[in-house]
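K.L.:
coords10.cif is the file, holding mmCIF, C-alpha atoms:
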data_structure
loop_
_atom_site.label_atom_id
_atom_site.label_comp_id
_atom_site.auth_asym_id
_atom_site.auth_seq_id
_atom_site.Cartn_x
_atom_site.Cartn_y
_atom_site.Cartn_z
CA MET A 492 43.58 135.20 63.34
CA THR A 493 43.34 131.57 62.29
CA ALA A 494 46.31 129.34 63.02
CA PRO A 495 48.15 128.22 59.87
CA GLY A 496 48.28 124.55 59.01
CA GLN A 497 51.53 122.61 58.71
CA THR A 498 52.35 119.30 57.07
CA VAL A 499 51.69 116.07 58.99
CA GLY A 500 55.26 115.13 58.09
CA PRO A 501 56.62 111.59 57.81
CA PHE A 502 55.98 110.47 61.39
CA PHE A 503 52.22 110.91 61.73
CA HIS A 504 51.80 107.14 62.18
CA LEU A 505 53.01 107.74 65.72
CA GLY A 506 50.04 109.91 66.60
CA LEU A 507 47.09 109.59 64.23
CA PRO A 508 46.19 106.12 62.92
CA TYR A 509 44.55 103.80 65.43
CA ALA A 510 43.19 100.26 65.48
CA GLY A 511 39.83 100.14 63.72
CA GLY A 512 40.32 103.59 62.23
CA PRO A 513 39.51 102.56 58.64
CA ASP A 514 36.50 100.42 59.65
CA LEU A 515 33.45 102.63 60.12
CA VAL A 516 31.51 99.38 60.23
CA PRO A 517 32.93 95.87 60.75
CA PRO A 518 33.81 94.18 57.45
CA GLY A 519 31.13 91.57 58.22
CA HIS A 520 28.34 94.15 58.43
CA PRO A 521 25.54 93.18 55.99
CA ASP A 522 25.68 96.57 54.22
CA ALA A 523 29.45 97.00 54.36
CA ILE A 524 31.15 98.37 51.27
CA ARG A 525 34.78 98.99 50.53
CA LEU A 526 35.66 102.59 49.67
CA HIS A 527 39.20 102.49 48.39
CA GLY A 528 41.70 103.89 45.94
CA ARG A 529 45.16 105.30 45.59
CA VAL A 530 46.68 108.66 46.41
CA LEU A 531 48.96 109.65 43.51
CA ASP A 532 51.59 112.34 43.14
CA GLY A 533 52.36 114.50 40.09
CA ASP A 534 54.28 111.65 38.46
CA GLY A 535 51.40 109.22 39.01
CA ILE A 536 53.34 107.40 41.71
CA GLY A 537 51.49 106.20 44.79
CA VAL A 538 52.03 108.33 47.90
CA PRO A 539 53.01 105.90 50.68
CA ASP A 540 52.79 108.43 53.51
CA ALA A 541 49.35 109.98 53.15
CA LEU A 542 46.50 109.87 55.62
CA LEU A 543 42.84 110.18 54.69
CA GLU A 544 39.94 111.07 56.89
CA LEU A 545 36.40 110.12 55.97
CA TRP A 546 33.34 111.85 57.39
CA GLN A 547 29.86 111.00 56.21
CA ALA A 548 26.15 110.65 56.80
CA GLY A 549 24.68 107.19 57.30
CA PRO A 550 22.36 105.24 55.00
CA ASP A 551 19.47 107.07 56.70
CA GLY A 552 20.79 110.48 55.61
CA ASN A 553 21.54 111.51 59.18
CA VAL A 554 24.92 112.89 60.19
CA PRO A 555 25.99 110.88 63.24
CA GLN A 556 26.73 112.74 66.44
CA SER A 557 27.82 109.67 68.40
CA ALA A 558 31.17 109.36 70.11
CA GLY A 559 33.20 106.19 69.74
CA SER A 560 35.29 106.64 66.60
CA ILE A 561 38.55 105.75 68.37
CA HIS A 562 37.36 102.89 70.55
CA ARG A 563 34.75 101.36 68.32
CA ASP A 564 32.14 99.11 69.92
CA GLY A 565 31.28 97.41 66.63
CA TRP A 566 27.65 98.62 66.71
CA THR A 567 27.73 102.41 66.77
CA PHE A 568 28.07 104.12 63.41
CA THR A 569 30.03 107.31 64.11
CA GLY A 570 30.53 108.37 60.48
CA PHE A 571 34.23 109.08 60.96
CA GLY A 572 37.25 107.07 59.91
CA ARG A 573 40.94 107.45 59.31
CA ALA A 574 43.18 105.40 56.99
CA ALA A 575 46.87 105.71 56.13
CA THR A 576 48.05 104.70 52.66
CA ASP A 577 50.20 101.61 52.20
CA ALA A 578 53.56 101.37 50.41
CA ASP A 579 51.73 101.56 47.07
CA GLY A 580 49.68 104.61 48.03
CA HIS A 581 46.52 102.54 48.46
CA TYR A 582 43.94 103.16 51.18
CA THR A 583 40.83 101.22 52.20
CA PHE A 584 37.81 102.13 54.30
CA THR A 585 35.08 99.70 55.26
CA THR A 586 31.87 101.67 55.57
CA VAL A 587 28.27 102.00 54.44
CA GLU A 588 27.00 104.14 51.62
CA PRO A 589 25.73 107.54 52.75
CA ALA A 590 22.29 108.80 51.78
CA ALA A 591 21.48 112.41 50.93
CA THR A 592 21.13 114.62 53.99
CA ASP A 593 18.73 116.97 52.21
CA PRO A 594 16.07 116.18 49.61
CA GLY A 595 17.34 116.55 46.06
CA ARG A 596 20.97 116.88 47.08
CA PRO A 597 23.50 114.22 46.12
CA ALA A 598 25.01 112.08 48.84
CA PHE A 599 28.78 112.25 49.28
CA PHE A 600 31.66 111.31 51.50
CA ALA A 601 33.66 114.26 52.88
CA VAL A 602 37.34 113.40 52.50
CA THR A 603 40.36 115.17 53.97
CA VAL A 604 43.87 114.44 52.69
CA PHE A 605 47.09 114.81 54.67
CA ALA A 606 50.58 113.77 53.56
CA ARG A 607 54.25 114.33 54.00
CA GLY A 608 55.13 116.97 51.43
CA LEU A 609 51.64 118.47 51.59
CA LEU A 610 51.90 121.66 53.62
CA ASP A 611 48.23 121.86 54.56
CA ARG A 612 45.25 119.51 54.46
CA LEU A 613 43.11 119.24 51.36
CA PHE A 614 39.34 118.87 51.40
CA THR A 615 37.43 117.02 48.73
CA ARG A 616 34.21 115.05 48.21
CA ALA A 617 33.67 111.54 46.88
CA TYR A 618 30.24 111.16 45.31
CA PRO A 619 28.65 107.76 44.71
CA PRO A 620 27.77 107.61 41.01
CA ALA A 621 24.04 108.41 40.82
CA ALA A 622 23.79 110.08 37.43
CA GLU A 623 20.40 111.73 37.70
CA VAL A 624 21.17 113.61 40.93
CA LEU A 625 24.72 114.47 40.02
CA GLU A 626 23.78 116.10 36.71
CA ASP A 627 21.42 118.55 38.39
CA ASP A 628 23.71 119.52 41.21
CA PRO A 629 24.69 123.19 40.93
CA PHE A 630 28.11 122.67 42.49
CA LEU A 631 29.06 119.74 40.28
CA SER A 632 27.55 121.12 37.09
CA ALA A 633 29.56 124.33 37.48
CA LEU A 634 32.77 122.29 37.12
CA PRO A 635 34.23 121.45 33.70
CA ALA A 636 33.27 117.86 32.86
CA GLY A 637 36.82 116.55 33.13
CA ARG A 638 37.28 118.02 36.55
CA ARG A 639 33.83 116.99 37.75
CA ALA A 640 34.72 113.36 37.02
CA THR A 641 37.50 113.46 39.61
CA LEU A 642 34.88 113.71 42.38
CA ILE A 643 32.73 110.80 41.29
CA THR A 644 33.53 107.34 42.54
CA THR A 645 33.47 104.24 40.36
CA ARG A 646 31.08 101.50 41.41
CA GLU A 647 32.60 98.06 41.91
CA ASP A 648 31.21 94.73 42.97
CA ARG A 649 31.58 95.29 46.66
CA GLY A 650 32.02 99.03 46.92
CA LEU A 651 33.36 102.22 45.42
CA ARG A 652 36.71 103.28 44.02
CA PHE A 653 38.06 106.80 44.55
CA ASP A 654 41.58 107.72 43.44
CA ILE A 655 43.05 111.04 44.53
CA ARG A 656 45.54 112.79 42.24
CA LEU A 657 47.39 115.52 44.09
CA GLN A 658 48.84 117.10 40.96
CA GLY A 659 48.86 116.97 37.19
CA ASP A 660 46.65 115.07 34.73
CA GLY A 661 43.29 114.37 36.30
CA GLU A 662 44.17 116.42 39.37
CA THR A 663 41.39 115.96 41.90
CA VAL A 664 39.16 118.94 42.61
CA PHE A 665 40.01 120.19 46.08
CA LEU A 666 37.70 122.48 47.97
CA THR A 667 37.77 125.66 49.95
CA TYR A 668 34.88 126.99 52.01
CA PRO A 669 33.58 130.53 52.48
CA ARG A 670 35.17 131.12 55.88
CA GLN A 671 38.65 129.89 55.02
CA ALA A 672 41.54 132.18 54.21
CA THR A 673 44.16 130.59 51.98
CA MET B 70 71.63 111.46 37.71
CA PRO B 71 74.41 110.35 40.07
CA PRO B 72 74.96 112.70 42.96
CA SER B 73 77.79 115.13 42.48
CA VAL B 74 79.25 117.88 44.56
CA THR B 75 77.50 120.54 42.51
CA SER B 76 74.06 118.94 43.02
CA VAL B 77 74.17 119.25 46.80
CA THR B 78 71.72 121.83 48.06
CA THR B 79 73.07 123.77 50.99
CA GLN B 80 71.36 125.81 53.67
CA ALA B 81 72.56 128.92 51.83
CA ASP B 82 70.67 127.78 48.72
CA ILE B 83 67.53 127.16 50.75
CA ASP B 84 67.92 130.52 52.51
CA ARG B 85 67.97 132.25 49.11
CA GLU B 86 64.86 130.38 47.98
CA ILE B 87 63.06 131.19 51.23
CA GLY B 88 64.10 134.83 50.88
CA ALA B 89 62.72 135.07 47.35
CA LEU B 90 59.31 133.81 48.48
CA ARG B 91 58.88 135.98 51.57
CA ALA B 92 55.41 137.53 51.93
CA THR B 93 54.25 135.94 48.67
CA GLY B 94 51.51 133.88 50.33
CA GLY B 95 48.60 134.49 52.66
CA PRO B 96 48.08 133.50 56.28
CA GLN B 97 48.12 129.80 55.40
CA PRO B 98 51.18 127.93 54.11
CA ARG B 99 51.89 128.02 50.40
CA LEU B 100 51.24 124.51 49.13
CA ASP B 101 53.60 125.15 46.23
CA TYR B 102 56.76 125.90 48.16
CA PRO B 103 59.92 124.65 46.41
CA PRO B 104 62.26 125.12 49.42
CA TYR B 105 60.37 122.19 51.00
CA ARG B 106 61.52 119.65 48.43
CA SER B 107 58.95 116.98 49.27
CA SER B 108 56.17 119.35 48.20
CA THR B 109 57.31 119.40 44.55
CA LEU B 110 55.09 116.60 43.26
CA ARG B 111 52.49 116.77 46.02
CA HIS B 112 50.95 120.22 45.71
CA PRO B 113 47.85 120.80 43.58
CA THR B 114 48.40 123.14 40.66
CA GLN B 115 44.75 124.16 40.30
CA SER B 116 43.13 126.60 42.70
CA PRO B 117 40.74 125.10 45.21
CA VAL B 118 37.09 125.35 44.22
CA LEU B 119 34.82 127.30 46.54
CA ALA B 120 32.04 125.08 47.87
CA ASP B 121 29.12 125.88 50.14
CA PRO B 122 29.43 123.39 52.95
CA GLU B 123 26.52 121.01 53.16
CA GLY B 124 25.49 117.77 54.81
CA ALA B 125 28.22 116.19 56.89
CA GLU B 126 30.55 119.12 56.24
CA LEU B 127 28.41 121.23 58.56
CA TRP B 128 29.11 118.91 61.47
CA ALA B 129 32.21 117.54 63.12
CA PRO B 130 32.76 114.04 64.43
CA CYS B 131 32.10 113.63 68.16
CA PHE B 132 34.56 112.12 70.57
CA GLY B 133 33.87 111.20 74.16
CA ARG B 134 35.24 109.63 77.29
CA GLN B 135 35.10 106.19 75.70
CA ASP B 136 37.60 107.45 73.12
CA VAL B 137 40.15 109.22 75.29
CA ALA B 138 41.33 108.21 78.76
CA ASP B 139 42.37 111.01 81.13
CA ASP B 140 45.94 109.75 81.42
CA GLU B 141 46.52 109.97 77.66
CA ALA B 142 47.21 113.69 78.21
CA ASP B 143 50.35 112.84 80.18
CA LEU B 144 53.07 111.57 77.85
CA THR B 145 55.48 111.07 80.75
CA ILE B 146 53.59 108.21 82.43
CA GLN B 147 53.16 105.77 79.57
CA HIS B 148 56.00 103.49 80.60
CA ALA B 149 57.47 102.02 83.77
CA GLY B 150 60.22 104.62 84.15
CA GLU B 151 60.67 108.38 83.87
CA PRO B 152 61.50 109.68 80.39
CA GLN B 153 64.73 111.59 79.80
CA GLY B 154 64.61 115.34 79.29
CA SER B 155 62.86 118.43 80.61
CA ARG B 156 59.30 117.91 81.72
CA ILE B 157 56.93 120.57 80.36
CA VAL B 158 53.24 121.40 80.45
CA VAL B 159 51.72 122.65 77.21
CA ALA B 160 48.28 124.17 77.70
CA GLY B 161 45.95 126.56 75.94
CA ARG B 162 42.51 127.11 74.49
CA VAL B 163 40.94 126.11 71.21
CA THR B 164 38.50 128.70 69.91
CA ASP B 165 36.74 129.14 66.59
CA GLY B 166 36.94 132.09 64.25
CA ASP B 167 34.17 133.83 66.16
CA GLY B 168 35.92 133.52 69.50
CA ARG B 169 33.76 130.70 70.82
CA PRO B 170 35.45 127.91 72.77
CA VAL B 171 35.59 124.55 70.99
CA ARG B 172 34.24 122.29 73.73
CA ASN B 173 34.71 118.58 74.35
CA GLN B 174 36.62 118.10 71.15
CA LEU B 175 39.59 115.89 70.35
CA VAL B 176 43.17 117.19 70.45
CA GLU B 177 45.96 114.82 69.40
CA ILE B 178 49.71 115.41 69.57
CA TRP B 179 52.87 113.58 68.53
CA GLN B 180 56.51 114.57 68.83
CA ALA B 181 60.17 113.58 69.00
CA ASN B 182 61.82 112.75 72.32
CA ALA B 183 64.35 114.93 74.17
CA ALA B 184 67.10 113.78 71.80
CA GLY B 185 65.10 114.67 68.70
CA ARG B 186 64.27 111.05 67.80
CA TYR B 187 60.79 109.86 66.85
CA TRP B 188 59.43 106.50 67.93
CA HIS B 189 58.96 105.61 64.28
CA GLN B 190 60.59 103.05 62.01
CA ARG B 191 61.37 105.74 59.48
CA ASP B 192 63.44 107.86 61.88
CA GLN B 193 66.82 106.13 61.91
CA HIS B 194 69.10 109.05 62.65
CA PRO B 195 71.74 108.36 65.30
CA ALA B 196 70.07 109.76 68.40
CA PRO B 197 68.81 107.50 71.17
CA LEU B 198 65.26 106.25 71.52
CA ASP B 199 63.95 106.59 75.06
CA PRO B 200 62.28 103.37 76.27
CA ASN B 201 60.16 105.52 78.59
CA PHE B 202 58.85 107.93 75.99
CA THR B 203 56.64 107.16 73.00
CA GLY B 204 55.66 110.72 72.16
CA ALA B 205 51.92 110.55 71.39
CA GLY B 206 49.01 111.86 73.45
CA ARG B 207 45.34 112.83 73.27
CA CYS B 208 42.84 114.80 75.27
CA LEU B 209 39.39 116.32 75.00
CA THR B 210 38.99 120.06 75.44
CA ASP B 211 37.04 121.20 78.51
CA ASP B 212 33.96 123.42 78.60
CA ASP B 213 36.12 126.48 78.03
CA GLY B 214 37.96 124.96 75.06
CA GLY B 215 41.00 124.35 77.27
CA TYR B 216 43.51 121.56 76.75
CA ARG B 217 46.56 120.56 78.77
CA PHE B 218 49.36 118.08 78.10
CA THR B 219 52.30 117.04 80.24
CA THR B 220 55.23 115.95 78.11
CA ILE B 221 58.97 116.27 77.50
CA GLN B 222 60.60 119.18 75.68
CA PRO B 223 61.28 117.72 72.21
CA GLY B 224 64.69 118.15 70.64
CA PRO B 225 65.45 119.58 67.19
CA TYR B 226 66.40 116.94 64.64
CA PRO B 227 68.12 116.59 61.28
CA TRP B 228 66.24 115.78 58.09
CA ARG B 229 67.19 115.35 54.46
CA ASN B 230 65.59 118.29 52.73
CA HIS B 231 69.06 119.63 51.99
CA LEU B 232 72.58 119.23 53.34
CA ASN B 233 72.65 119.71 57.11
CA ALA B 234 68.96 120.56 57.42
CA TRP B 235 67.53 120.73 60.95
CA ARG B 236 63.94 121.11 62.07
CA PRO B 237 63.25 123.48 64.96
CA ALA B 238 61.80 121.66 67.97
CA HIS B 239 58.05 121.25 67.58
CA ILE B 240 54.98 119.31 68.63
CA HIS B 241 52.48 118.17 66.00
CA PHE B 242 48.87 119.10 66.86
CA SER B 243 45.68 117.72 65.33
CA LEU B 244 42.45 119.64 65.99
CA PHE B 245 38.76 119.44 65.17
CA GLY B 246 36.19 122.20 65.39
CA THR B 247 32.42 122.07 65.40
CA ASP B 248 32.15 121.62 61.65
CA PHE B 249 34.41 119.53 59.46
CA THR B 250 35.66 122.49 57.44
CA GLN B 251 37.59 123.65 60.53
CA ARG B 252 39.84 120.58 60.56
CA LEU B 253 43.44 121.60 61.29
CA ILE B 254 46.73 119.77 61.61
CA THR B 255 49.68 121.95 62.43
CA GLN B 256 52.90 122.22 64.45
CA MET B 257 53.61 124.16 67.63
CA TYR B 258 57.08 125.67 68.02
CA PHE B 259 58.98 126.93 71.07
CA PRO B 260 59.86 130.60 71.53
CA GLY B 261 63.25 131.90 70.42
CA ASP B 262 64.37 128.87 68.44
CA PRO B 263 67.40 129.86 66.29
CA LEU B 264 66.30 127.42 63.57
CA PHE B 265 63.08 129.26 62.64
CA ASP B 266 64.55 131.27 59.78
CA LEU B 267 66.26 128.21 58.31
CA ASP B 268 63.23 125.93 58.26
CA PRO B 269 61.29 125.66 54.99
CA ILE B 270 58.29 124.07 56.68
CA LEU B 271 57.71 126.96 59.08
CA GLN B 272 58.71 129.50 56.42
CA SER B 273 56.11 128.07 54.00
CA VAL B 274 53.82 130.36 55.99
CA THR B 275 55.28 133.44 54.34
CA ASP B 276 53.33 136.01 56.40
CA PRO B 277 55.40 136.70 59.55
CA LYS B 278 52.33 137.55 61.66
CA ALA B 279 50.75 134.22 60.76
CA ARG B 280 53.99 132.35 61.60
CA GLU B 281 53.95 133.87 65.07
CA LEU B 282 50.64 132.09 65.70
CA LEU B 283 52.51 128.79 65.63
CA ILE B 284 54.95 129.78 68.38
CA ALA B 285 53.98 129.03 71.97
CA GLY B 286 54.72 131.46 74.78
CA TYR B 287 56.67 130.58 77.88
CA ASP B 288 54.22 130.85 80.79
CA HIS B 289 55.63 130.79 84.28
CA SER B 290 52.13 130.30 85.71
CA LEU B 291 52.06 126.87 84.10
CA THR B 292 55.26 125.73 85.76
CA ALA B 293 55.39 123.55 88.86
CA PRO B 294 58.21 124.05 91.39
CA GLU B 295 60.98 121.50 91.06
CA PHE B 296 58.87 119.61 88.51
CA SER B 297 58.09 121.18 85.14
CA LEU B 298 58.29 124.23 82.87
CA GLY B 299 55.23 125.52 81.06
CA TYR B 300 54.19 126.84 77.66
CA ARG B 301 50.89 128.35 76.60
CA TRP B 302 49.59 127.97 73.08
CA ASP B 303 46.12 129.13 72.11
CA ILE B 304 44.73 127.95 68.79
CA VAL B 305 42.14 129.73 66.67
CA LEU B 306 40.33 127.64 64.07
CA THR B 307 38.39 129.05 61.12
CA GLY B 308 34.80 130.18 61.62
CA THR B 309 31.96 127.69 61.58
CA HIS B 310 29.35 127.61 58.86
CA ARG B 311 26.57 126.50 61.16
CA THR B 312 24.67 128.62 63.65
CA PRO B 313 25.86 127.31 66.97
CA VAL B 314 23.32 125.93 69.40
CA GLU B 315 24.45 126.45 72.96
CA ALA B 316 24.33 123.32 75.06
CA SER B 317 21.68 123.68 77.72
#
Turn this file's structure into structure tokens for me.

P.N.:
Amino acid sequence: MTAPGQTVGPFFHLGLPYAGGPDLVPPGHPDAIRLHGRVLDGDGIGVPDALLELWQAGPDGNVPQSAGSIHRDGWTFTGFGRAATDADGHYTFTTVEPAATDPGRPAFFAVTVFARGLLDRLFTRAYPPAAEVLEDDPFLSALPAGRRATLITTREDRGLRFDIRLQGDGETVFLTYPRQAT
Amino acid sequence: MPPSVTSVTTQADIDREIGALRATGGPQPRLDYPPYRSSTLRHPTQSPVLADPEGAELWAPCFGRQDVADDEADLTIQHAGEPQGSRIVVAGRVTDGDGRPVRNQLVEIWQANAAGRYWHQRDQHPAPLDPNFTGAGRCLTDDDGGYRFTTIQPGPYPWRNHLNAWRPAHIHFSLFGTDFTQRLITQMYFPGDPLFDLDPILQSVTDPKARELLIAGYDHSLTAPEFSLGYRWDIVLTGTHRTPVEAS
């Protein structure tokens, strides 16, 4: 029987964030983008004690299987990052844009959300806005348009914006997978 | 609204709320669980959407020796002196939903010290910090999915969910599987703690059999004479979505 989850609580900064965690590539990397946004509660207030994990393919569409996410060497793209929100609920990753891992499938960032007050982790996806692929995707097109929009990032000058609403208007679509009991 | 005597939530109030929600959820915690007050504005109201895992979701991040030093599994040797409290070993196995060991994967823990105080700016309750105990550790599982930490028995501590609320002693655990959908962060509790029934975080898992999975067992075989006590806690993650390829 699968172990239940429990909240990360208010003191996760002691154990989880680490130096370089939010920087999947160095900010000076020629292809670096900023993936950022805010985590918002049901009143639209920023959540200052949330932690996000990012897991993604590289620009070549390969899913990295290289160690080195905790002690980064500055050259190895491991595809994994971790960022805590600031006092305003804002998080920032420095990364590269993923490519599709399979032909005809849209590329996305896998995102996991943890927070004080959140009793178990939440899974979601952040899709770069590539209209033609996204419209044809069976998973996305099965969602009502308003909900689908919560999974699609907004392109900015130097990156992508992805806000996460835990509850209420514009609540982000969170995911479950076939082998998970809720 | 200014606080008034009538607005104070007592343990008896929380006990009633916990009682009303018993066995209303599945084997995982209810995300919407009013007795845990901080969850009120932070739980989704829509059901999660079933997705077929694809791409990166079918794989987990890799961690290796460059990420985790051997001595990070011993939380009692991070400072010049010996920490206060009872030294304990916490060990067990991480397996997936099909009973396979989760090998060479990252396990992270964090916890309060023997007095129930966290090394964290936000914990300001009047219990002493221990200059010889930070309370965070990491290790990689071995080829059998085994992990082992040496640490200090954490103390219970007060929090502000309601008047005179106390958390049972626990250690926070962070675990990865072989695909990202298995990601788990949870808390390990110690057997026989009288605070279990009073704690809305543990009781958010409303199935009693599932709650038991979060409680370690005392294991005399893990003790060391005149040195440390021992607890065993095995952790089962969900099943993988990828056909496993055995390492050659």

K.L.:
List the residues selected by the PyMOL selection byres ((chain B and resi 155-169) around 8) in the file shown, writing them as a PyMOL selection string.

P.N.:
(chain A and resi 492-493) or (chain B and resi 145+153-154+170-171+183+210+213-222+246+291-292+296-309)

K.L.:
Name the closest residue to chain B among the candidates A:Ala578, A:Leu545, A:Val587, A:Leu610; distances are taken between atoms, counting all atoms listed in the file.

P.N.:
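When distances to chain B are compared using all atoms listed in the file, the smallest one comes from A:Leu610.
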
K.L.:
Can you tell me, as a PDB file with C-alpha atoms, in the frame of the given file, what residues are no more than 10 Å from B:Gln190 when counting all atoms listed in the file, ignoring any on the same chain fewer than 6 positions away?

P.N.:
ATOM      1  CA  PHE A 502      55.980 110.470  61.390  1.00  0.00           C
ATOM      2  CA  HIS A 504      51.800 107.140  62.180  1.00  0.00           C
ATOM      3  CA  LEU A 505      53.010 107.740  65.720  1.00  0.00           C
TER       4      LEU A 505
END

K.L.:
Give as number ranges by chain the set of residues within 6 Å of the point (31.6, 117.2, 40.6), where distances use the file's coordinates and all atoms listed in the file.

P.N.:
A: 631, 639, 642

K.L.:
Which residues, protein or nucleic acid, reach to within 10 Å of (55.6, 105.2, 77.8) in the file's coordinates when using all atoms listed in the file, and can you give that as a ChimeraX atom specification?

P.N.:
/B:143-152,199-205

K.L.:
Chain B residues within 7 Å of chain A, counting all atoms listed in the file: which ones, as an MDAnalysis selection string?

P.N.:
chainID B and resid 95:98 100 107:108 110:114 117:122 124:126 130:133 135:136 166 177:179 188:189 205 253:256 279 282:283 304:308

K.L.:
Using all atoms listed in the file, which residues sit within 7 Å of A:Gly528 once same-chain residues fewer than 5 positions away are excluded, as a tab-separated table (two decimals) with C-alpha atoms, in the frame of the given file?

P.N.:
chain	number	residue	atom	x	y	z
A	581	HIS	CA	46.52	102.54	48.46
A	582	TYR	CA	43.94	103.16	51.18
A	583	THR	CA	40.83	101.22	52.20
A	652	ARG	CA	36.71	103.28	44.02
A	653	PHE	CA	38.06	106.80	44.55
A	654	ASP	CA	41.58	107.72	43.44

K.L.:
Could you tell me how far atom CA of B:Val137 sits from atom CA of A:Ala541, in Å to one decimal place?

P.N.:
24.0 Å

K.L.:
Give me, please, the distance in Å between atom CA of A:Arg649 and atom CA of A:Pro629, quoted to one decimal.

P.N.:
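Taking atom CA of A:Arg649 as the start and atom CA of A:Pro629 as the end point, the length is 29.3 Å.
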
K.L.:
If the PyMOL selection byres ((chain B and resi 129) around 6) were run on this exact file, what residues would it hold? Put them as a compact mmCIF listing (two decimals) with C-alpha atoms, in the frame of the given file.

P.N.:
# COMPACT_ATOMS: atom_id res chain seq x y z
CA TRP B 128 29.11 118.91 61.47
CA PRO B 130 32.76 114.04 64.43
CA THR B 247 32.42 122.07 65.40
CA ASP B 248 32.15 121.62 61.65
CA PHE B 249 34.41 119.53 59.46

K.L.:
Restricting the calculation to all atoms listed in the file, which member of B:Asp212, B:Ile270, B:Arg207, B:Thr93 is positioned closest to B:Arg236?

P.N.:
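Ranking B:Asp212, B:Ile270, B:Arg207, B:Thr93 by distance to B:Arg236, first place goes to B:Ile270.
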
K.L.:
Just how far from atom CA of B:Trp228 is atom CA of B:Pro197, in Å to one decimal?

P.N.:
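Between atom CA of B:Pro197 and atom CA of B:Trp228 the gap is 15.7 Å.
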
K.L.:
Return the single residue from B:Thr312, B:Ser290, B:Gln180, B:Gln272 that is closest to B:Ile87, with distances computed using only C-alpha atoms.

P.N.:
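Smallest distance to B:Ile87 is found for B:Gln272.
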
K.L.:
Convert the output of the PyMOL selection byres ((chain B and resi 89) around 12) on the shown file into explicit residues, formatted as number ranges by chain.

P.N.:
B: 82-88, 90-94, 102-104, 272-273, 275

K.L.:
Using all atoms listed in the file, which protein or nucleic acid residues come within 12 Å of B:Ala238? Drop anything in the same chain fewer than 2 positions from it, and give the result as a ChimeraX atom specification.

P.N.:
/B:180-187,221-227,235-236,240-241,256-265,268,271,283-285

K.L.:
Any idea what's packed within 12 Å of A:Thr645, counting all atoms listed in the file, ignoring anything in its chain fewer than 5 positions away? Could you give it as a count of residues only?

P.N.:
16

K.L.:
For stretch 589-624 of chain A, write C-alpha atoms out as a PDB file, in the first residue's frame.

P.N.:
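As a result, selection_35.pdb now contains:
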ATOM      1  CA  PRO A 589      12.216  21.918 -23.798  1.00  0.00           C
ATOM      2  CA  ALA A 590      11.533  20.323 -27.163  1.00  0.00           C
ATOM      3  CA  ALA A 591       8.947  17.616 -27.775  1.00  0.00           C
ATOM      4  CA  THR A 592      10.106  14.171 -26.683  1.00  0.00           C
ATOM      5  CA  ASP A 593       7.913  12.442 -29.260  1.00  0.00           C
ATOM      6  CA  PRO A 594       6.978  13.562 -32.779  1.00  0.00           C
ATOM      7  CA  GLY A 595       3.713  15.480 -32.882  1.00  0.00           C
ATOM      8  CA  ARG A 596       3.462  15.836 -29.122  1.00  0.00           C
ATOM      9  CA  PRO A 597       3.680  19.250 -27.486  1.00  0.00           C
ATOM     10  CA  ALA A 598       6.690  20.055 -25.350  1.00  0.00           C
ATOM     11  CA  PHE A 599       6.046  20.875 -21.696  1.00  0.00           C
ATOM     12  CA  PHE A 600       7.647  21.408 -18.338  1.00  0.00           C
ATOM     13  CA  ALA A 601       6.511  18.967 -15.621  1.00  0.00           C
ATOM     14  CA  VAL A 602       5.856  21.008 -12.479  1.00  0.00           C
ATOM     15  CA  THR A 603       5.251  19.798  -8.939  1.00  0.00           C
ATOM     16  CA  VAL A 604       3.862  22.133  -6.275  1.00  0.00           C
ATOM     17  CA  PHE A 605       4.421  21.843  -2.538  1.00  0.00           C
ATOM     18  CA  ALA A 606       3.356  24.342   0.129  1.00  0.00           C
ATOM     19  CA  ARG A 607       2.506  24.828   3.742  1.00  0.00           C
ATOM     20  CA  GLY A 608      -1.247  24.300   3.919  1.00  0.00           C
ATOM     21  CA  LEU A 609      -1.174  21.918   0.960  1.00  0.00           C
ATOM     22  CA  LEU A 610      -1.540  18.409   2.353  1.00  0.00           C
ATOM     23  CA  ASP A 611      -0.064  16.615  -0.644  1.00  0.00           C
ATOM     24  CA  ARG A 612       1.937  17.614  -3.715  1.00  0.00           C
ATOM     25  CA  LEU A 613       0.190  18.732  -6.877  1.00  0.00           C
ATOM     26  CA  PHE A 614       1.327  17.827 -10.374  1.00  0.00           C
ATOM     27  CA  THR A 615       0.793  20.064 -13.356  1.00  0.00           C
ATOM     28  CA  ARG A 616       2.296  20.892 -16.761  1.00  0.00           C
ATOM     29  CA  ALA A 617       3.458  24.207 -18.185  1.00  0.00           C
ATOM     30  CA  TYR A 618       3.265  24.234 -21.972  1.00  0.00           C
ATOM     31  CA  PRO A 619       5.167  26.762 -24.075  1.00  0.00           C
ATOM     32  CA  PRO A 620       2.596  28.501 -26.284  1.00  0.00           C
ATOM     33  CA  ALA A 621       2.854  26.779 -29.686  1.00  0.00           C
ATOM     34  CA  ALA A 622      -0.693  27.092 -30.965  1.00  0.00           C
ATOM     35  CA  GLU A 623      -0.649  24.572 -33.782  1.00  0.00           C
ATOM     36  CA  VAL A 624       0.566  21.661 -31.642  1.00  0.00           C
TER      37      VAL A 624
END
